[in-house]
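Trainee: The following block contains the structure, expressed as structure tokens.
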Amino acid sequence: MSTFEIAEDDFLLDGRPHRILSGAIHYFRVHPDDWADRIRKARLMGLNTVETYVPWNAHEPQPGEWTAEGALDLARFLRTVQEEGMHAIVRPGPYICAEWDNGGLPAWLFTDPSVGIRRAEPAFLSAVTAFLERVLAIVRPLQVTEGGPVLLVQVENEYGAYGDDKDYLRHLVAVFEGAGITVPLTTVDQPEPAMLENGSLPGLLKTASFGSRSRERLATLREHQPTGPLMCSEFWDGWFDHWGAHHHTTSVEQSAADLDELLSLGASVNIYMFHGGTNFGFTNGANDKGVYQPIVTSYDYDAPLDEAGEPTEKYWVFRDVIAKHAPVPAEEPVVAAAAPAFSVPFLDAVPLFAVASRLGDWQHTDDLPTFDALGHYSGLGLYRTEIDTAEPAVLEFGEVRDRAYVFVGSTRVGVLARDHHDSAITLSPSRGTLTVLVEDQGRVDYGPRIGEPKGLIGPVRLNGEGLRRWSVLPLRLPSLSAVRAELDAAGAAVEREPERLAGPVFARAAFELAEQGTLFLDTTGWGKGFAWVNGFNLGRYWTRGPQETLHVPAPVTRAGRNELVILELESAADATAAFVSEPRLGHTDF
């Protein structure tokens, strides 16, 4: 066991001054069998600590349904950090931002409008207390004072940019202390006077978040905290990407100079990100400052370790900077060989509508429900009703969240896109079933639109008359067993391979590997959708870019036969799946 405390302007580890050199690795964005590799590479860059957020909505996707296993095994992650001889920082929020769906807050919290999010409101305090007590029960025995790796635990996250409810912060501190957390508690805010004052309490160590002008930002932090160690607990060394924009990169030289200046001033640091990883499945967040901008699947972040865990130029330059201020291991990480490149045809396909009823339960209602009202908090859903119009008609919605494919019978008549502010579409004279396939493209993770419900937002009118008597089907896709059964049947019934894919359609390919290994799935020949390898949801693809490949973690693959399934929502002119030798994250020009 060790001691870790704050004395004057230093962290003290076992009574000796200690500088934290940390890097962010989000365990929930990295395959658990890759954790050890990424953590080891952090140590070889010269870091002594690994930091992670804790995503509440991943651990508790439905009220009371708690999970901390597999990819969410926080205890295993922290033990892996310790096994590498490193320390850890845990940031459980409850709000984390992190470009993660809903900023990590469970969508079910918002279904009751009386719940006061991120403030001292009884229902929210009850829910957040239960969450924190579960997380802190994992963290408590893994503190350095208990023989574990955890040095610091953060209270809330950039709260000064959101509110100033000191009673709320005091409640969180009481929960942390009541759960047996004895290591120092910290807060983080951007180095703006109001944010630093609003986002913390006396007795908590204020830290700052920034990516440039280190001397100036640390001076501002010192003005608002006369004593205590200086720390940038989010040193932004890159940025994230939106669909339809460019791939963000930062200057290696400038980032290195800012890091060098920070360390020369004696500050501790957490590099955000050291290794970004991937927004697997439906987990990406979004921004909306007048235009809705969903975040891409890759969370590469232009970090020192790229999305697939390989050192970048930034890794080696940062390593040299750190070596000026602290010991760096002589050992260097081994750079992996290029991934195999090959193509395979899709063998069989089945329309989404043919399998949809096996992916959930239809619910019938007069009024139009949101996904959230049905307890469906991510992914896709179907809305159906009957229409009868003898003349061209305008179908209009209150709002689409976030992308709606409109069908009359089996014919697709158009798409409504939230990012284009679409809310109406013209229909030809029609009689029959109106079907709307809606995709939740990711919940806003920052700002006032956090927590908004997904799906179709009413009212819905056809030529000004309200449409009622809806049937709604939330599509549940944690397993592909029902899809595989339909694909097996389709493959047996059709002798030839599909030449093209007209969505929405599931399609399956198979490929052989000599051994497990990282792959990069080329998605440039497809429209928009999702991909699974051996049942593991790799995330979203979209021809809009900038991202052009999906990262397939090595542990997802296997020697011998492997399966690729995609759900193509739009179209693919060539029903072929290609894998390429390296990631392609898109153009970097504005």
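Residues in the structure tokens are named by chain (A, B, ... in the order shown) and by number from 1 within that chain; ligands are numbered from 1 in the order shown.
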For Gln516 of chain A, please output as a PDB file with C-alpha atoms, in the first residue's frame all residues within 10 Å (counting only C-alpha atoms; exclusion window: fewer than 2 positions along the same chain).
Mentor:
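To be explicit, this is the file written out as out.pdb:
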ATOM      1  CA  LEU A 513      -7.756 -15.757 -42.260  1.00  0.00           C
ATOM      2  CA  ALA A 514      -4.592 -17.698 -41.462  1.00  0.00           C
ATOM      3  CA  THR A 518      -6.338  -6.306 -37.272  1.00  0.00           C
ATOM      4  CA  LEU A 519      -8.318  -5.490 -40.420  1.00  0.00           C
ATOM      5  CA  PRO A 553      -9.906  -5.249 -33.795  1.00  0.00           C
ATOM      6  CA  ALA A 554      -7.703  -8.327 -33.990  1.00  0.00           C
ATOM      7  CA  PRO A 555      -9.499 -10.116 -31.101  1.00  0.00           C
ATOM      8  CA  VAL A 556     -12.763  -9.945 -33.063  1.00  0.00           C
ATOM      9  CA  THR A 557     -11.277 -12.059 -35.867  1.00  0.00           C
ATOM     10  CA  ARG A 558     -10.295 -15.722 -35.800  1.00  0.00           C
ATOM     11  CA  ALA A 559      -8.136 -18.139 -37.721  1.00  0.00           C
ATOM     12  CA  GLY A 560     -10.255 -19.847 -40.352  1.00  0.00           C
TER      13      GLY A 560
END
Trainee: Which residues of segment 226-280 of chain A sit at most 12 Å from segment 304-310 of chain A, using only C-alpha atoms? Give each one's shortest atom pair and distance in Å (one decimal place), in chain and ascending residue order, as JSON lines.
Mentor:
{"residue": "A:Trp236", "atom": "CA", "partner": "A:Pro304", "partner_atom": "CA", "distance": 11.4}
{"residue": "A:Asp237", "atom": "CA", "partner": "A:Pro304", "partner_atom": "CA", "distance": 8.3}
{"residue": "A:Gly238", "atom": "CA", "partner": "A:Pro304", "partner_atom": "CA", "distance": 9.2}
{"residue": "A:Phe240", "atom": "CA", "partner": "A:Glu307", "partner_atom": "CA", "distance": 11.9}
{"residue": "A:Thr249", "atom": "CA", "partner": "A:Pro304", "partner_atom": "CA", "distance": 11.4}
{"residue": "A:Thr250", "atom": "CA", "partner": "A:Pro304", "partner_atom": "CA", "distance": 11.1}
{"residue": "A:Ser251", "atom": "CA", "partner": "A:Pro304", "partner_atom": "CA", "distance": 12.0}
{"residue": "A:Val252", "atom": "CA", "partner": "A:Pro304", "partner_atom": "CA", "distance": 9.5}
{"residue": "A:Ser255", "atom": "CA", "partner": "A:Pro304", "partner_atom": "CA", "distance": 10.7}
{"residue": "A:Ala256", "atom": "CA", "partner": "A:Pro304", "partner_atom": "CA", "distance": 10.8}
{"residue": "A:Ile271", "atom": "CA", "partner": "A:Pro304", "partner_atom": "CA", "distance": 9.3}
{"residue": "A:Tyr272", "atom": "CA", "partner": "A:Pro304", "partner_atom": "CA", "distance": 9.8}
{"residue": "A:Met273", "atom": "CA", "partner": "A:Pro304", "partner_atom": "CA", "distance": 7.8}
{"residue": "A:Phe274", "atom": "CA", "partner": "A:Pro304", "partner_atom": "CA", "distance": 5.6}
{"residue": "A:His275", "atom": "CA", "partner": "A:Leu305", "partner_atom": "CA", "distance": 4.9}
{"residue": "A:Gly276", "atom": "CA", "partner": "A:Glu307", "partner_atom": "CA", "distance": 6.1}
{"residue": "A:Gly277", "atom": "CA", "partner": "A:Glu307", "partner_atom": "CA", "distance": 4.7}
{"residue": "A:Thr278", "atom": "CA", "partner": "A:Glu307", "partner_atom": "CA", "distance": 6.6}
{"residue": "A:Asn279", "atom": "CA", "partner": "A:Glu307", "partner_atom": "CA", "distance": 10.2}
{"residue": "A:Phe280", "atom": "CA", "partner": "A:Glu307", "partner_atom": "CA", "distance": 11.7}
Trainee: Could you produce a table of the residues of segment 422-470 of chain A lying within 8 Å of segment 90-104 of chain A, with the nearest pair of atoms per residue and their separation in Å rounded to one decimal, using only C-alpha atoms, ordered by chain and increasing residue number, as a tab-separated table?
Mentor:
residue	atom	partner	partner_atom	distance
A:Gly442	CA	A:Asp101	CA	5.7
A:Arg443	CA	A:Asn102	CA	4.8
A:Val444	CA	A:Asn102	CA	5.3
A:Asp445	CA	A:Gly103	CA	4.0
A:Tyr446	CA	A:Cys97	CA	6.2
A:Ile450	CA	A:Asn102	CA	5.8
A:Gly451	CA	A:Asn102	CA	6.3
Trainee: Pick out the residues sitting within 10 Å of segment 218-229 of chain A, and hand them over as a compact mmCIF listing (two decimals) with C-alpha atoms, in the first residue's frame; count only C-alpha atoms, and ignore anything fewer than 2 positions along from it in its own chain.
Mentor:
# COMPACT_ATOMS: atom_id res chain seq x y z
CA ILE A 6 -1.44 16.94 -1.80
CA ALA A 7 1.04 19.08 0.14
CA GLU A 8 1.48 22.72 -0.84
CA ASP A 9 2.23 22.68 -4.59
CA ASP A 10 3.03 19.00 -5.00
CA PHE A 11 1.47 15.61 -5.26
CA LEU A 12 3.22 13.35 -2.75
CA HIS A 18 5.39 13.04 -7.78
CA ARG A 19 4.50 14.40 -11.21
CA ASP A 189 -12.80 23.15 -16.21
CA GLN A 190 -11.57 25.26 -19.06
CA PRO A 191 -9.30 28.02 -17.66
CA GLU A 192 -11.96 30.71 -17.74
CA PRO A 193 -12.57 32.56 -14.46
CA ALA A 194 -16.32 31.90 -14.24
CA LEU A 196 -13.19 27.63 -12.62
CA GLU A 197 -15.24 29.24 -9.87
CA PRO A 202 -13.10 24.41 -1.62
CA LEU A 204 -11.25 19.91 -4.35
CA LEU A 205 -8.19 20.26 -6.56
CA LYS A 206 -9.02 22.40 -9.59
CA THR A 207 -7.43 21.25 -12.83
CA ALA A 208 -7.68 22.75 -16.31
CA SER A 209 -8.48 21.55 -19.82
CA PHE A 210 -6.72 23.11 -22.82
CA ARG A 213 -0.95 28.49 -24.68
CA SER A 214 0.12 26.41 -21.70
CA ARG A 215 1.81 29.20 -19.74
CA GLU A 216 -1.18 31.52 -20.02
CA MET A 231 -2.40 20.06 -13.64
CA CYS A 232 -3.84 20.06 -17.12
CA LEU A 262 3.59 22.73 -19.79
CA LEU A 265 6.50 24.80 -15.80
CA GLY A 266 6.41 21.79 -13.49
CA ALA A 267 2.78 20.87 -14.16
CA SER A 268 1.27 17.41 -14.25
Trainee: If you run DSSP on the backbone, which residues of segment 142-278 of chain A are alpha helix (DSSP H), as a PDB file with C-alpha atoms, in the first residue's frame?
Mentor:
ATOM      1  CA  LYS A 166     -22.868  24.021  -5.186  1.00  0.00           C
ATOM      2  CA  ASP A 167     -25.375  21.841  -3.279  1.00  0.00           C
ATOM      3  CA  TYR A 168     -25.197  19.349  -6.140  1.00  0.00           C
ATOM      4  CA  LEU A 169     -21.399  19.289  -6.048  1.00  0.00           C
ATOM      5  CA  ARG A 170     -21.420  18.924  -2.253  1.00  0.00           C
ATOM      6  CA  HIS A 171     -23.773  15.963  -2.577  1.00  0.00           C
ATOM      7  CA  LEU A 172     -21.411  14.285  -5.062  1.00  0.00           C
ATOM      8  CA  VAL A 173     -18.446  14.820  -2.747  1.00  0.00           C
ATOM      9  CA  ALA A 174     -20.400  13.283   0.131  1.00  0.00           C
ATOM     10  CA  VAL A 175     -21.163  10.238  -2.027  1.00  0.00           C
ATOM     11  CA  PHE A 176     -17.496   9.836  -3.006  1.00  0.00           C
ATOM     12  CA  GLU A 177     -16.314  10.137   0.576  1.00  0.00           C
ATOM     13  CA  GLY A 178     -19.102   7.942   1.905  1.00  0.00           C
ATOM     14  CA  PRO A 193     -12.573  32.558 -14.456  1.00  0.00           C
ATOM     15  CA  ALA A 194     -16.318  31.901 -14.236  1.00  0.00           C
ATOM     16  CA  MET A 195     -15.958  28.226 -15.165  1.00  0.00           C
ATOM     17  CA  LEU A 196     -13.193  27.635 -12.619  1.00  0.00           C
ATOM     18  CA  GLU A 197     -15.244  29.239  -9.865  1.00  0.00           C
ATOM     19  CA  ASN A 198     -18.582  27.645 -10.740  1.00  0.00           C
ATOM     20  CA  SER A 214       0.117  26.412 -21.700  1.00  0.00           C
ATOM     21  CA  ARG A 215       1.809  29.198 -19.741  1.00  0.00           C
ATOM     22  CA  GLU A 216      -1.181  31.524 -20.019  1.00  0.00           C
ATOM     23  CA  ARG A 217      -3.729  28.822 -19.123  1.00  0.00           C
ATOM     24  CA  LEU A 218      -1.745  27.582 -16.120  1.00  0.00           C
ATOM     25  CA  ALA A 219      -1.382  31.171 -14.906  1.00  0.00           C
ATOM     26  CA  THR A 220      -5.177  31.540 -14.988  1.00  0.00           C
ATOM     27  CA  LEU A 221      -5.547  28.301 -13.063  1.00  0.00           C
ATOM     28  CA  ARG A 222      -3.058  29.529 -10.451  1.00  0.00           C
ATOM     29  CA  GLU A 223      -5.000  32.773 -10.029  1.00  0.00           C
ATOM     30  CA  VAL A 252       2.773  17.671 -34.277  1.00  0.00           C
ATOM     31  CA  GLU A 253       5.386  20.362 -33.739  1.00  0.00           C
ATOM     32  CA  GLN A 254       2.990  22.814 -32.074  1.00  0.00           C
ATOM     33  CA  SER A 255       1.417  20.158 -29.837  1.00  0.00           C
ATOM     34  CA  ALA A 256       4.868  19.020 -28.785  1.00  0.00           C
ATOM     35  CA  ALA A 257       5.950  22.605 -28.049  1.00  0.00           C
ATOM     36  CA  ASP A 258       2.842  23.201 -25.924  1.00  0.00           C
ATOM     37  CA  LEU A 259       3.445  19.954 -24.032  1.00  0.00           C
ATOM     38  CA  ASP A 260       7.092  20.868 -23.505  1.00  0.00           C
ATOM     39  CA  GLU A 261       6.133  24.287 -22.142  1.00  0.00           C
ATOM     40  CA  LEU A 262       3.588  22.726 -19.793  1.00  0.00           C
ATOM     41  CA  LEU A 263       6.119  20.241 -18.416  1.00  0.00           C
ATOM     42  CA  SER A 264       8.809  22.917 -18.151  1.00  0.00           C
TER      43      SER A 264
END
Trainee: What is the distance, in Å and to one decimal place, between atom CA of Val350 of chain A and atom CA of Glu486 of chain A?
Mentor: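 Taking atom CA of Val350 of chain A and atom CA of Glu486 of chain A, their separation equals 6.8 Å.
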Trainee: I'd like to know which residues of segment 73-129 of chain A are strand (DSSP E or B) (by DSSP, run on the backbone); could you write them as a PyMOL selection string?
Mentor: chain A and resi 87-91+100
Trainee: Can you pull out every residue within 10 Å of Leu550 of chain A, counting only C-alpha atoms, but drop anything in the same chain fewer than 4 positions away, and send it as an MDAnalysis selection string?
Mentor: chainID A and resid 278 280 297:298 307 519:523 530:531 538:541 579 583:585
Trainee: Create the file for the chosen residues now, containing N, CA and C atoms and written as a PDB file, in the first residue's frame.
Mentor:
ATOM      1  N   THR A 278     -12.425   3.610 -30.700  1.00  0.00           N
ATOM      2  CA  THR A 278     -13.511   3.540 -31.667  1.00  0.00           C
ATOM      3  C   THR A 278     -14.870   3.668 -30.984  1.00  0.00           C
ATOM      4  N   PHE A 280     -17.677   2.048 -31.213  1.00  0.00           N
ATOM      5  CA  PHE A 280     -18.303   0.836 -31.724  1.00  0.00           C
ATOM      6  C   PHE A 280     -19.825   0.902 -31.555  1.00  0.00           C
ATOM      7  N   THR A 297     -17.562   7.132 -36.523  1.00  0.00           N
ATOM      8  CA  THR A 297     -17.267   5.920 -35.757  1.00  0.00           C
ATOM      9  C   THR A 297     -15.850   5.941 -35.188  1.00  0.00           C
ATOM     10  N   SER A 298     -14.903   6.401 -35.968  1.00  0.00           N
ATOM     11  CA  SER A 298     -13.523   6.458 -35.481  1.00  0.00           C
ATOM     12  C   SER A 298     -13.374   7.550 -34.426  1.00  0.00           C
ATOM     13  N   GLU A 307      -6.071   4.819 -34.011  1.00  0.00           N
ATOM     14  CA  GLU A 307      -7.271   4.042 -33.680  1.00  0.00           C
ATOM     15  C   GLU A 307      -6.980   2.562 -33.538  1.00  0.00           C
ATOM     16  N   LEU A 519      -7.884  -5.717 -39.046  1.00  0.00           N
ATOM     17  CA  LEU A 519      -8.318  -5.490 -40.420  1.00  0.00           C
ATOM     18  C   LEU A 519      -8.893  -4.087 -40.554  1.00  0.00           C
ATOM     19  N   PHE A 520      -8.935  -3.612 -41.798  1.00  0.00           N
ATOM     20  CA  PHE A 520      -9.562  -2.331 -42.106  1.00  0.00           C
ATOM     21  C   PHE A 520     -10.554  -2.554 -43.235  1.00  0.00           C
ATOM     22  N   LEU A 521     -11.837  -2.436 -42.891  1.00  0.00           N
ATOM     23  CA  LEU A 521     -12.909  -2.686 -43.840  1.00  0.00           C
ATOM     24  C   LEU A 521     -13.163  -1.429 -44.656  1.00  0.00           C
ATOM     25  N   ASP A 522     -13.019  -1.537 -45.970  1.00  0.00           N
ATOM     26  CA  ASP A 522     -13.219  -0.421 -46.888  1.00  0.00           C
ATOM     27  C   ASP A 522     -14.719  -0.254 -47.124  1.00  0.00           C
ATOM     28  N   THR A 523     -15.257   0.920 -46.798  1.00  0.00           N
ATOM     29  CA  THR A 523     -16.699   1.151 -46.942  1.00  0.00           C
ATOM     30  C   THR A 523     -17.036   2.120 -48.071  1.00  0.00           C
ATOM     31  N   PHE A 530     -24.360  -0.123 -41.151  1.00  0.00           N
ATOM     32  CA  PHE A 530     -23.626  -0.673 -40.016  1.00  0.00           C
ATOM     33  C   PHE A 530     -22.965  -1.976 -40.457  1.00  0.00           C
ATOM     34  N   ALA A 531     -21.889  -2.361 -39.767  1.00  0.00           N
ATOM     35  CA  ALA A 531     -21.179  -3.583 -40.129  1.00  0.00           C
ATOM     36  C   ALA A 531     -20.841  -4.376 -38.872  1.00  0.00           C
ATOM     37  N   LEU A 538     -19.115  -3.172 -35.478  1.00  0.00           N
ATOM     38  CA  LEU A 538     -17.988  -2.265 -35.707  1.00  0.00           C
ATOM     39  C   LEU A 538     -18.407  -0.807 -35.673  1.00  0.00           C
ATOM     40  N   GLY A 539     -19.685  -0.527 -35.913  1.00  0.00           N
ATOM     41  CA  GLY A 539     -20.160   0.842 -35.925  1.00  0.00           C
ATOM     42  C   GLY A 539     -20.739   1.239 -37.273  1.00  0.00           C
ATOM     43  N   ARG A 540     -20.887   2.543 -37.455  1.00  0.00           N
ATOM     44  CA  ARG A 540     -21.550   3.107 -38.635  1.00  0.00           C
ATOM     45  C   ARG A 540     -20.557   3.393 -39.753  1.00  0.00           C
ATOM     46  N   TYR A 541     -21.030   3.275 -40.971  1.00  0.00           N
ATOM     47  CA  TYR A 541     -20.298   3.788 -42.137  1.00  0.00           C
ATOM     48  C   TYR A 541     -21.241   4.683 -42.931  1.00  0.00           C
ATOM     49  N   PHE A 579     -11.191  -5.305 -47.957  1.00  0.00           N
ATOM     50  CA  PHE A 579     -10.363  -4.948 -46.807  1.00  0.00           C
ATOM     51  C   PHE A 579      -9.061  -4.367 -47.345  1.00  0.00           C
ATOM     52  N   PRO A 583      -5.690   2.182 -42.286  1.00  0.00           N
ATOM     53  CA  PRO A 583      -6.898   3.001 -42.121  1.00  0.00           C
ATOM     54  C   PRO A 583      -6.886   4.201 -43.046  1.00  0.00           C
ATOM     55  N   ARG A 584      -8.091   4.609 -43.460  1.00  0.00           N
ATOM     56  CA  ARG A 584      -8.254   5.827 -44.247  1.00  0.00           C
ATOM     57  C   ARG A 584      -9.339   6.648 -43.564  1.00  0.00           C
ATOM     58  N   LEU A 585      -8.923   7.719 -42.916  1.00  0.00           N
ATOM     59  CA  LEU A 585      -9.851   8.525 -42.119  1.00  0.00           C
ATOM     60  C   LEU A 585     -10.321   9.771 -42.841  1.00  0.00           C
TER      61      LEU A 585
END
Trainee: Pick out the closest residue to His242 of chain A from this set: A:Glu133, A:Asp419, A:Glu69, A:Asp366. Count only C-alpha atoms.
Mentor: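 Smallest separation from His242 of chain A among the options: A:Asp419.
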Trainee: So that I can see what lies close to Ile322 of chain A, please list as a PDB file with C-alpha atoms, in the first residue's frame the residues with an atom at most 9 Å from it, counting only C-alpha atoms and leaving out residues fewer than 3 positions away in the same chain.
Mentor:
ATOM      1  CA  LEU A  21       2.297  11.985 -16.642  1.00  0.00           C
ATOM      2  CA  MET A  45       6.065   6.638 -24.371  1.00  0.00           C
ATOM      3  CA  GLY A  46       7.130   7.714 -20.888  1.00  0.00           C
ATOM      4  CA  LEU A  47       3.733   7.980 -19.182  1.00  0.00           C
ATOM      5  CA  LEU A 259       3.445  19.954 -24.032  1.00  0.00           C
ATOM      6  CA  ASP A 260       7.092  20.868 -23.505  1.00  0.00           C
ATOM      7  CA  LEU A 263       6.119  20.241 -18.416  1.00  0.00           C
ATOM      8  CA  VAL A 317       7.847  13.344 -30.807  1.00  0.00           C
ATOM      9  CA  PHE A 318       5.925  13.331 -27.506  1.00  0.00           C
ATOM     10  CA  ARG A 319       8.234  10.588 -26.278  1.00  0.00           C
ATOM     11  CA  HIS A 325      11.558  15.897 -18.103  1.00  0.00           C
ATOM     12  CA  ALA A 326      11.327  12.290 -16.881  1.00  0.00           C
ATOM     13  CA  PRO A 327      12.844   8.847 -17.459  1.00  0.00           C
ATOM     14  CA  VAL A 328      11.573   7.043 -20.557  1.00  0.00           C
TER      15      VAL A 328
END
Trainee: Could you give me, as a list in words, the residues within 12 Å of Thr435 of chain A, counting only C-alpha atoms and dropping anything in the same chain fewer than 4 positions from it?
Mentor: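 The neighbour list is Phe353, Gly381, Leu382, Tyr383, Arg384, Thr385, Glu386, Ile387, Ala404, Tyr405, Val406, Phe407, Val408, Gly409, Ser410, Thr411, Arg412, Val413, Gly414, Val415, Leu456, Trp470, Ser471, Val472 and Leu473 of chain A.
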Trainee: When you count only C-alpha atoms, which of these residues is closest to Ala130 of chain A: A:Leu416, A:Ala179, A:Leu152, A:Ala424?
Mentor: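 Answer, going by the shortest atom-to-atom distance: A:Ala179.
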Trainee: Given the choices A:Lys528, A:Val115, A:Arg461, A:Gly535, which gets closest to Pro478 of chain A if the distance is worked out from only C-alpha atoms?
Mentor: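 Ranking A:Lys528, A:Val115, A:Arg461, A:Gly535 by distance to Pro478 of chain A, first place goes to A:Gly535.
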Trainee: Ranking A:Pro504, A:Pro340, A:Gly525, A:Gly163 by minimum distance to Gly199 of chain A and counting only C-alpha atoms, which one comes first?
Mentor: A:Gly163
Trainee: Show which residues sit within 7 Å of Val344 of chain A, as a PyMOL selection string. Count only C-alpha atoms, and ignore same-chain residues fewer than 2 positions away.
Mentor: chain A and resi 342+346+509+511+576-578
Trainee: Let me see the file: selected residues, N, CA and C atoms, as an mmCIF file, in the first residue's frame.
Mentor:
data_model
loop_
_atom_site.group_PDB
_atom_site.id
_atom_site.type_symbol
_atom_site.label_atom_id
_atom_site.label_comp_id
_atom_site.auth_asym_id
_atom_site.auth_seq_id
_atom_site.Cartn_x
_atom_site.Cartn_y
_atom_site.Cartn_z
ATOM 1 N N PHE A 342 -7.708 -7.651 -49.304
ATOM 2 C CA PHE A 342 -8.382 -8.663 -50.123
ATOM 3 C C PHE A 342 -9.841 -8.256 -50.293
ATOM 4 N N PHE A 346 -20.384 -10.602 -51.459
ATOM 5 C CA PHE A 346 -21.484 -10.935 -50.562
ATOM 6 C C PHE A 346 -22.183 -12.180 -51.113
ATOM 7 N N ALA A 509 -21.096 -11.784 -46.077
ATOM 8 C CA ALA A 509 -19.926 -12.297 -46.786
ATOM 9 C C ALA A 509 -19.125 -13.160 -45.825
ATOM 10 N N PHE A 511 -14.984 -14.731 -45.142
ATOM 11 C CA PHE A 511 -13.578 -14.655 -45.551
ATOM 12 C C PHE A 511 -12.734 -15.517 -44.634
ATOM 13 N N THR A 576 -19.653 -6.179 -53.081
ATOM 14 C CA THR A 576 -18.339 -6.732 -52.740
ATOM 15 C C THR A 576 -17.855 -6.091 -51.448
ATOM 16 N N ALA A 577 -17.194 -6.877 -50.625
ATOM 17 C CA ALA A 577 -16.576 -6.375 -49.402
ATOM 18 C C ALA A 577 -15.065 -6.388 -49.585
ATOM 19 N N ALA A 578 -14.445 -5.244 -49.375
ATOM 20 C CA ALA A 578 -13.000 -5.118 -49.536
ATOM 21 C C ALA A 578 -12.352 -4.740 -48.211
#
